[in-house]
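Please read the structure below before turning to the comments.
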Amino acid sequence: MAELVAEGKVKHLGLSEVTGSELRAAQAVHPIAALQSEWSLFSRDIEEGVVQAAAELGVGVVPYSPLGRGFLTGAFVHADKELGADDFRRQQPRFTGDNAAANAALLEPVRAVADAHGATPGQIALAWVQQQATARGLAVVPIPGTRKRSRIEENTGAYPDPADRTGPGAAGADRRAGRGGAVRGHVVHLGGTRVAGPAGRGRGRPAPSRAR
């Protein structure tokens with residue numbers, strides 16, 4: 001890929017779903033502009049070394065599925081019962097059966113925060129992801145996906161003031177978005193929780209700082 005940059009065919013290089021050591025190895029060959037990886041209140045594996053490496057190297061992070069594949073919006077609980085037959089989430093263990101019921105309980109603190117701030121659970125989830133830029137000292141650009149205009153408007157509402165990148169409930173609420181809980185301060189504290197069911201590489205094990 002570095003050769004493509006040298007030939008003028010590519011301007012910047014980005015990587016997806018790499019480890020911290022892999023990111024450092026790539027950076028040693030050619031500067032990496034951005035890293036795409038799943039990151040949300042519900043999926044926080046990249047905090048185990050990847051985020052730290054990105055911050056040290058000056059690599060921006062592009063979190064995909066910042067709304068937990070829609071789960072953090074509260075739009076559904078049991079994928080196998082509430083989503084269409086062709087929806088891929090019906091095949092993901094974290095969204096089905098007992099796992100879904102257990103994970104649904106993790107949404108309650110997020111709902112409480114949303115109610116307290118006149119926001120939606122999805123807006124709180126997005127505000128939390130964006131707040132990681134300040135908390136961890138790196139560029140963060142979440143990329144939530146949707147097919148509905150109403151969701152686009154809801155998502156942009158997570159940042160009511162362009163000058164305020166903290167969003168509803170995130171400023172001061174997540175005073176220390178770190179290993180002690182999903183969101184600390186008066187907002188949400190999910191320390192000691194566990195996401196039920198595998199959610200991808202390395203997920204589904206006890207995680208003192210995970211929610212999604």
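A note on labels: chains of the structure tokens are A, B, ... as shown, every chain counts residues from 1, and ligands are counted from 1 in their shown order.
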
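Using only C-alpha atoms, the contacts of A:Glu153 at a cut-off of 12 Å, with sequence neighbours closer than 4 positions omitted, comprise Thr120, Gly122, Gln123, Pro144, Thr146, Arg147, Lys148, Arg149, Gly157, Ala158, Tyr159 and Pro160 of chain A.
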
From A:Ala114, A:Ala133, A:Ala34, A:Ile46, residue lying nearest A:Val61 [only C-alpha atoms]
A:Ala34

Go through A:Ala53, A:Ala112, A:Ala28, A:Val59 one by one, measure the shortest atom-to-atom distance of each to A:Val141 using only C-alpha atoms, and give the residue with the smallest value.
A:Val59

Residue nearest A:Ala125 among A:Gly74, A:Gly137, A:Gly20, A:Pro31 (counting only C-alpha atoms):
A:Gly74

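Within the 10 Å cut-off around A:Thr73, using only C-alpha atoms and omitting residues fewer than 3 positions from it on the same chain, the listed residues are Leu67, Gly68, Arg69, Gly70, Phe76, Leu107, Val110, Arg111, Thr120, Pro121, Gly122, Gln123, Ile124, Ala125, Leu126 and Arg151 of chain A.
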
How about saving the chosen residues, all heavy atoms kept, as a short mmCIF file (atom, residue, chain, number, x, y, z; two decimals), in the first residue's frame?
```cif
data_model
loop_
_atom_site.label_atom_id
_atom_site.label_comp_id
_atom_site.auth_asym_id
_atom_site.auth_seq_id
_atom_site.Cartn_x
_atom_site.Cartn_y
_atom_site.Cartn_z
N LEU A 67 -23.71 2.54 17.52
CA LEU A 67 -25.00 2.34 18.17
C LEU A 67 -25.26 0.86 18.46
O LEU A 67 -26.40 0.45 18.65
CB LEU A 67 -26.13 2.91 17.30
CG LEU A 67 -26.09 4.43 17.13
CD1 LEU A 67 -27.14 4.88 16.12
CD2 LEU A 67 -26.31 5.13 18.47
N GLY A 68 -24.22 0.09 18.47
CA GLY A 68 -24.37 -1.32 18.80
C GLY A 68 -25.26 -2.05 17.83
O GLY A 68 -26.07 -2.89 18.23
N ARG A 69 -25.09 -1.73 16.53
CA ARG A 69 -25.90 -2.34 15.47
C ARG A 69 -27.39 -2.11 15.72
O ARG A 69 -28.23 -2.94 15.41
CB ARG A 69 -25.59 -3.84 15.35
CG ARG A 69 -24.10 -4.10 15.11
CD ARG A 69 -23.77 -5.57 15.05
NE ARG A 69 -22.32 -5.77 15.09
CZ ARG A 69 -21.53 -5.80 14.03
NH1 ARG A 69 -22.04 -5.65 12.83
NH2 ARG A 69 -20.23 -5.99 14.16
N GLY A 70 -27.67 -0.93 16.29
CA GLY A 70 -29.04 -0.53 16.54
C GLY A 70 -29.55 -0.88 17.92
O GLY A 70 -30.55 -0.34 18.39
N PHE A 76 -34.87 -2.59 19.44
CA PHE A 76 -35.23 -4.00 19.55
C PHE A 76 -34.47 -4.62 20.71
O PHE A 76 -33.48 -4.09 21.19
CB PHE A 76 -34.91 -4.75 18.25
CG PHE A 76 -33.43 -4.93 18.01
CD1 PHE A 76 -32.78 -6.09 18.41
CD2 PHE A 76 -32.68 -3.94 17.38
CE1 PHE A 76 -31.42 -6.27 18.20
CE2 PHE A 76 -31.32 -4.10 17.18
CZ PHE A 76 -30.68 -5.27 17.58
N LEU A 107 -29.15 -1.70 29.01
CA LEU A 107 -29.67 -0.48 28.39
C LEU A 107 -30.34 0.44 29.40
O LEU A 107 -30.49 1.64 29.15
CB LEU A 107 -30.68 -0.82 27.29
CG LEU A 107 -30.13 -1.37 25.98
CD1 LEU A 107 -31.28 -1.74 25.06
CD2 LEU A 107 -29.22 -0.35 25.31
N VAL A 110 -28.58 3.60 30.40
CA VAL A 110 -28.51 4.52 29.26
C VAL A 110 -29.85 5.22 29.07
O VAL A 110 -29.91 6.42 28.80
CB VAL A 110 -28.11 3.76 27.98
CG1 VAL A 110 -28.03 4.72 26.79
CG2 VAL A 110 -26.77 3.06 28.17
N ARG A 111 -30.93 4.48 29.23
CA ARG A 111 -32.26 5.08 29.13
C ARG A 111 -32.45 6.14 30.21
O ARG A 111 -33.03 7.20 29.97
CB ARG A 111 -33.34 4.00 29.27
CG ARG A 111 -33.42 3.00 28.14
CD ARG A 111 -34.55 2.02 28.40
NE ARG A 111 -34.56 0.89 27.50
CZ ARG A 111 -35.08 0.91 26.28
NH1 ARG A 111 -35.65 2.03 25.83
NH2 ARG A 111 -35.05 -0.17 25.52
N THR A 120 -32.39 10.83 23.42
CA THR A 120 -32.71 9.43 23.17
C THR A 120 -31.52 8.57 23.58
O THR A 120 -30.38 9.06 23.65
CB THR A 120 -33.01 9.19 21.69
OG1 THR A 120 -31.82 9.40 20.92
CG2 THR A 120 -34.11 10.12 21.18
N PRO A 121 -31.74 7.28 23.83
CA PRO A 121 -30.61 6.41 24.15
C PRO A 121 -29.54 6.42 23.06
O PRO A 121 -28.35 6.41 23.36
CB PRO A 121 -31.28 5.03 24.27
CG PRO A 121 -32.67 5.32 24.71
CD PRO A 121 -33.04 6.58 23.96
N GLY A 122 -29.96 6.48 21.81
CA GLY A 122 -29.00 6.52 20.72
C GLY A 122 -28.13 7.77 20.76
O GLY A 122 -26.93 7.72 20.48
N GLN A 123 -28.72 8.90 21.10
CA GLN A 123 -27.95 10.14 21.18
C GLN A 123 -26.93 10.07 22.31
O GLN A 123 -25.80 10.55 22.15
CB GLN A 123 -28.90 11.31 21.38
CG GLN A 123 -29.70 11.65 20.15
CD GLN A 123 -30.74 12.71 20.41
OE1 GLN A 123 -31.28 12.84 21.51
NE2 GLN A 123 -31.05 13.51 19.39
N ILE A 124 -27.30 9.47 23.42
CA ILE A 124 -26.35 9.32 24.53
C ILE A 124 -25.20 8.40 24.11
O ILE A 124 -24.03 8.66 24.39
CB ILE A 124 -27.06 8.74 25.77
CG1 ILE A 124 -28.08 9.75 26.31
CG2 ILE A 124 -26.04 8.37 26.85
CD1 ILE A 124 -27.48 11.09 26.74
N ALA A 125 -25.53 7.33 23.40
CA ALA A 125 -24.50 6.39 22.94
C ALA A 125 -23.52 7.08 22.00
O ALA A 125 -22.30 6.89 22.10
CB ALA A 125 -25.15 5.19 22.26
N LEU A 126 -24.04 7.87 21.06
CA LEU A 126 -23.16 8.58 20.13
C LEU A 126 -22.34 9.65 20.84
O LEU A 126 -21.16 9.84 20.54
CB LEU A 126 -24.00 9.24 19.03
CG LEU A 126 -24.56 8.31 17.96
CD1 LEU A 126 -25.42 9.10 16.98
CD2 LEU A 126 -23.46 7.59 17.22
N ARG A 151 -33.75 8.98 11.60
CA ARG A 151 -32.59 8.56 12.38
C ARG A 151 -31.39 9.47 12.15
O ARG A 151 -30.60 9.72 13.07
CB ARG A 151 -32.21 7.12 12.02
CG ARG A 151 -33.21 6.08 12.50
CD ARG A 151 -33.34 6.07 14.00
NE ARG A 151 -34.12 4.93 14.48
CZ ARG A 151 -34.51 4.75 15.73
NH1 ARG A 151 -34.20 5.66 16.65
NH2 ARG A 151 -35.20 3.69 16.09
#
```

In Å, rounded to a single decimal, give me how far atom CA of A:Glu22 is from atom CA of A:Pro63.
17.6 Å

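Ranking A:Leu106, A:Leu23, A:Ala101, A:Ala85 by their shortest atom-to-atom distance to A:Val50, with only C-alpha atoms included, puts A:Leu23 first.
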
Find the residues near stretch 10-16 of chain A: any atom within 7 Å, counting only C-alpha atoms, skip ones fewer than 6 places away on the same chain, and give them as a PyMOL selection string.
chain A and resi 4+32-37

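Put simply, atom CA of A:Gln52 is 20.0 Å away from atom CA of A:Ser65.
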
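Here atom CA of A:Phe71 stands at a distance of 22.6 Å from atom CA of A:Glu48.
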
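The shortest atom-to-atom distance to A:Gln132, with only C-alpha atoms taken into account, belongs to A:Arg44 out of A:Met1, A:Arg24, A:Arg44, A:Val29.
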